[in-house]
Amino acid sequence: MPHIIVKLAKGRKEAAKIALTEKILKAVTDTVNPDEDAVSIAIDEIESSAWEKDIYQLEIMKDEKRLYKKPRYKL
């Protein structure tokens, strides 16, 4: 029963978010084999101006030990 939350800077088109969701769903079902009906995927859109404080500092760097893929940018 994976629940995946994707955080993106605002401004992506709906079609891009749907395509991303479909690719994530395929990757999850191909890799960890849950029933497709058990997977949920949410997309949180964040203002670019809030990214450093609300996402980078509070969610990425605060608990970076749990990251499986770290960002290469520095803010």
# chains A, B, ... in the order shown; residues from 1 in each chain; ligands from 1
>>> closest_atom_pairs(of="stretch 23-52 of chain A", to="stretch 12-19 of chain A", cutoff="9 Å", atoms="only C-alpha atoms", output="Markdown table")
| residue | atom | partner | partner_atom | distance |
| --- | --- | --- | --- | --- |
| A:Lys23 | CA | A:Ala19 | CA | 6.3 |
| A:Ile24 | CA | A:Ala19 | CA | 8.7 |
| A:Ile43 | CA | A:Lys17 | CA | 7.8 |
| A:Glu45 | CA | A:Arg12 | CA | 8.7 |
>>> write_last_selection(atoms="all heavy atoms", output="mmCIF file, in the first residue's frame")
data_model
loop_
_atom_site.group_PDB
_atom_site.id
_atom_site.type_symbol
_atom_site.label_atom_id
_atom_site.label_comp_id
_atom_site.auth_asym_id
_atom_site.auth_seq_id
_atom_site.Cartn_x
_atom_site.Cartn_y
_atom_site.Cartn_z
ATOM 1 N N LYS A 23 3.748 7.333 -14.789
ATOM 2 C CA LYS A 23 5.098 6.754 -14.772
ATOM 3 C C LYS A 23 5.491 6.293 -13.368
ATOM 4 O O LYS A 23 6.127 5.248 -13.214
ATOM 5 C CB LYS A 23 6.107 7.755 -15.318
ATOM 6 C CG LYS A 23 5.968 7.937 -16.813
ATOM 7 C CD LYS A 23 6.960 8.934 -17.375
ATOM 8 C CE LYS A 23 6.741 9.061 -18.875
ATOM 9 N NZ LYS A 23 7.744 9.906 -19.514
ATOM 10 N N ILE A 24 5.125 7.069 -12.369
ATOM 11 C CA ILE A 24 5.404 6.651 -10.991
ATOM 12 C C ILE A 24 4.638 5.373 -10.675
ATOM 13 O O ILE A 24 5.197 4.432 -10.096
ATOM 14 C CB ILE A 24 5.052 7.771 -9.991
ATOM 15 C CG1 ILE A 24 6.018 8.948 -10.156
ATOM 16 C CG2 ILE A 24 5.054 7.249 -8.559
ATOM 17 C CD1 ILE A 24 5.591 10.199 -9.402
ATOM 18 N N ILE A 43 0.117 14.963 -5.528
ATOM 19 C CA ILE A 43 1.056 15.987 -5.971
ATOM 20 C C ILE A 43 0.745 17.266 -5.207
ATOM 21 O O ILE A 43 -0.377 17.762 -5.246
ATOM 22 C CB ILE A 43 0.963 16.228 -7.495
ATOM 23 C CG1 ILE A 43 1.388 14.953 -8.237
ATOM 24 C CG2 ILE A 43 1.828 17.422 -7.906
ATOM 25 C CD1 ILE A 43 1.313 15.047 -9.747
ATOM 26 N N GLU A 45 1.760 21.119 -4.969
ATOM 27 C CA GLU A 45 2.425 22.187 -5.708
ATOM 28 C C GLU A 45 2.829 23.287 -4.734
ATOM 29 O O GLU A 45 2.018 23.757 -3.942
ATOM 30 C CB GLU A 45 1.506 22.727 -6.788
ATOM 31 C CG GLU A 45 1.227 21.701 -7.872
ATOM 32 C CD GLU A 45 0.456 22.281 -9.015
ATOM 33 O OE1 GLU A 45 -0.780 22.377 -8.869
ATOM 34 O OE2 GLU A 45 1.079 22.656 -10.017
#
>>> residues_around(residues="A:Ala42", least_positions_apart="5", cutoff="9 Å", atoms="only C-alpha atoms", output="PyMOL selection string")
chain A and resi 3-7+21
>>> write_last_selection(atoms="N, CA and C atoms", output="CSV table (one decimal), in the first residue's frame")
chain,number,residue,atom,x,y,z
A,3,HIS,N,1.9,5.0,-0.5
A,3,HIS,CA,1.3,6.3,-0.8
A,3,HIS,C,2.5,7.2,-1.1
A,4,ILE,N,2.5,7.8,-2.3
A,4,ILE,CA,3.6,8.6,-2.7
A,4,ILE,C,3.2,10.0,-2.8
A,5,ILE,N,4.0,10.9,-2.2
A,5,ILE,CA,3.7,12.3,-2.3
A,5,ILE,C,4.8,13.0,-3.1
A,6,VAL,N,4.5,13.7,-4.2
A,6,VAL,CA,5.4,14.4,-5.0
A,6,VAL,C,5.2,15.9,-4.8
A,7,LYS,N,6.3,16.6,-4.5
A,7,LYS,CA,6.3,18.0,-4.3
A,7,LYS,C,7.0,18.7,-5.5
A,21,THR,N,2.3,10.9,-12.9
A,21,THR,CA,1.6,10.0,-12.0
A,21,THR,C,1.6,8.6,-12.7
>>> select_by_dssp(residues="chain A", states="strand (DSSP E)", output="ChimeraX atom specification")
/A:3-9,40-46
>>> closest_residue(among="A:Leu75, A:Leu67, A:Pro2, A:Lys10", to="A:Val32", atoms="only C-alpha atoms")
A:Pro2
>>> closest_residue(among="A:Thr31, A:Glu22, A:Ala9, A:Lys70", to="A:Trp51", atoms="only C-alpha atoms")
A:Ala9
>>> atom_distance(atom1="atom CA of A:Ala27", atom2="atom CA of A:Ile46")
24.0 Å
>>> atom_distance(atom1="atom CA of A:Lys65", atom2="atom CA of A:Glu52")
18.3 Å
>>> atom_distance(atom1="atom CA of A:Glu59", atom2="atom CA of A:Asn33")
27.2 Å
>>> residues_around(residues="A:Thr29", least_positions_apart="6", cutoff="9 Å", atoms="only C-alpha atoms", output="PyMOL selection string")
chain A and resi 35-36+39
>>> write_last_selection(atoms="all heavy atoms", output="PDB file, in the first residue's frame")
ATOM      1  N   ASP A  35      -0.701  -4.341  -5.632  1.00  0.00           N
ATOM      2  CA  ASP A  35      -1.858  -4.250  -6.508  1.00  0.00           C
ATOM      3  C   ASP A  35      -2.016  -2.780  -6.886  1.00  0.00           C
ATOM      4  O   ASP A  35      -1.911  -1.908  -6.038  1.00  0.00           O
ATOM      5  CB  ASP A  35      -3.100  -4.748  -5.765  1.00  0.00           C
ATOM      6  CG  ASP A  35      -4.322  -4.786  -6.655  1.00  0.00           C
ATOM      7  OD1 ASP A  35      -4.764  -3.694  -7.077  1.00  0.00           O
ATOM      8  OD2 ASP A  35      -4.832  -5.882  -6.914  1.00  0.00           O
ATOM      9  N   GLU A  36      -2.231  -2.504  -8.140  1.00  0.00           N
ATOM     10  CA  GLU A  36      -2.356  -1.115  -8.605  1.00  0.00           C
ATOM     11  C   GLU A  36      -3.421  -0.342  -7.826  1.00  0.00           C
ATOM     12  O   GLU A  36      -3.285   0.849  -7.573  1.00  0.00           O
ATOM     13  CB  GLU A  36      -2.672  -1.108 -10.104  1.00  0.00           C
ATOM     14  CG  GLU A  36      -2.650   0.269 -10.714  1.00  0.00           C
ATOM     15  CD  GLU A  36      -2.821   0.242 -12.220  1.00  0.00           C
ATOM     16  OE1 GLU A  36      -2.048  -0.461 -12.906  1.00  0.00           O
ATOM     17  OE2 GLU A  36      -3.747   0.929 -12.706  1.00  0.00           O
ATOM     18  N   VAL A  39      -2.251   1.560  -4.586  1.00  0.00           N
ATOM     19  CA  VAL A  39      -1.305   2.679  -4.684  1.00  0.00           C
ATOM     20  C   VAL A  39      -2.070   3.995  -4.751  1.00  0.00           C
ATOM     21  O   VAL A  39      -3.060   4.121  -5.475  1.00  0.00           O
ATOM     22  CB  VAL A  39      -0.422   2.541  -5.954  1.00  0.00           C
ATOM     23  CG1 VAL A  39       0.536   3.715  -6.081  1.00  0.00           C
ATOM     24  CG2 VAL A  39       0.320   1.215  -5.953  1.00  0.00           C
TER      25      VAL A  39
END
>>> residues_around(residues="A:Lys62", least_positions_apart="6", cutoff="12 Å", atoms="only C-alpha atoms", output="VMD selection string")
chain A and resid 52 to 56
>>> write_last_selection(atoms="all heavy atoms", output="tab-separated table (two decimals), in the first residue's frame")
chain	number	residue	atom	x	y	z
A	52	GLU	N	12.77	26.87	-0.70
A	52	GLU	CA	13.94	26.74	0.17
A	52	GLU	C	13.53	26.52	1.62
A	52	GLU	O	13.99	25.58	2.27
A	52	GLU	CB	14.85	27.96	0.07
A	52	GLU	CG	16.07	27.81	0.98
A	52	GLU	CD	17.06	28.95	0.88
A	52	GLU	OE1	16.83	29.93	0.14
A	52	GLU	OE2	18.09	28.86	1.56
A	53	LYS	N	12.65	27.35	2.13
A	53	LYS	CA	12.26	27.27	3.54
A	53	LYS	C	11.37	26.06	3.83
A	53	LYS	O	11.61	25.30	4.77
A	53	LYS	CB	11.54	28.55	3.95
A	53	LYS	CG	11.07	28.58	5.38
A	53	LYS	CD	10.43	29.93	5.70
A	53	LYS	CE	9.30	29.82	6.65
A	53	LYS	NZ	8.03	29.41	6.15
A	54	ASP	N	10.33	25.88	3.03
A	54	ASP	CA	9.32	24.87	3.34
A	54	ASP	C	9.69	23.45	2.89
A	54	ASP	O	9.25	22.48	3.52
A	54	ASP	CB	7.99	25.26	2.71
A	54	ASP	CG	7.41	26.52	3.31
A	54	ASP	OD1	7.86	26.93	4.40
A	54	ASP	OD2	6.51	27.11	2.68
A	55	ILE	N	10.44	23.33	1.84
A	55	ILE	CA	10.77	22.00	1.33
A	55	ILE	C	12.24	21.66	1.55
A	55	ILE	O	12.56	20.67	2.22
A	55	ILE	CB	10.41	21.87	-0.17
A	55	ILE	CG1	8.94	22.21	-0.41
A	55	ILE	CG2	10.76	20.47	-0.69
A	55	ILE	CD1	7.95	21.36	0.36
A	56	TYR	N	13.14	22.47	1.01
A	56	TYR	CA	14.56	22.15	1.10
A	56	TYR	C	15.03	22.06	2.55
A	56	TYR	O	15.63	21.06	2.94
A	56	TYR	CB	15.37	23.19	0.32
A	56	TYR	CG	16.84	22.86	0.24
A	56	TYR	CD1	17.30	21.86	-0.60
A	56	TYR	CD2	17.77	23.55	1.01
A	56	TYR	CE1	18.64	21.54	-0.66
A	56	TYR	CE2	19.12	23.24	0.95
A	56	TYR	CZ	19.55	22.24	0.10
A	56	TYR	OH	20.88	21.93	0.05
>>> closest_residue(among="A:Met61, A:Ser49, A:Val28, A:Asp37", to="A:Tyr73", atoms="only C-alpha atoms")
A:Met61
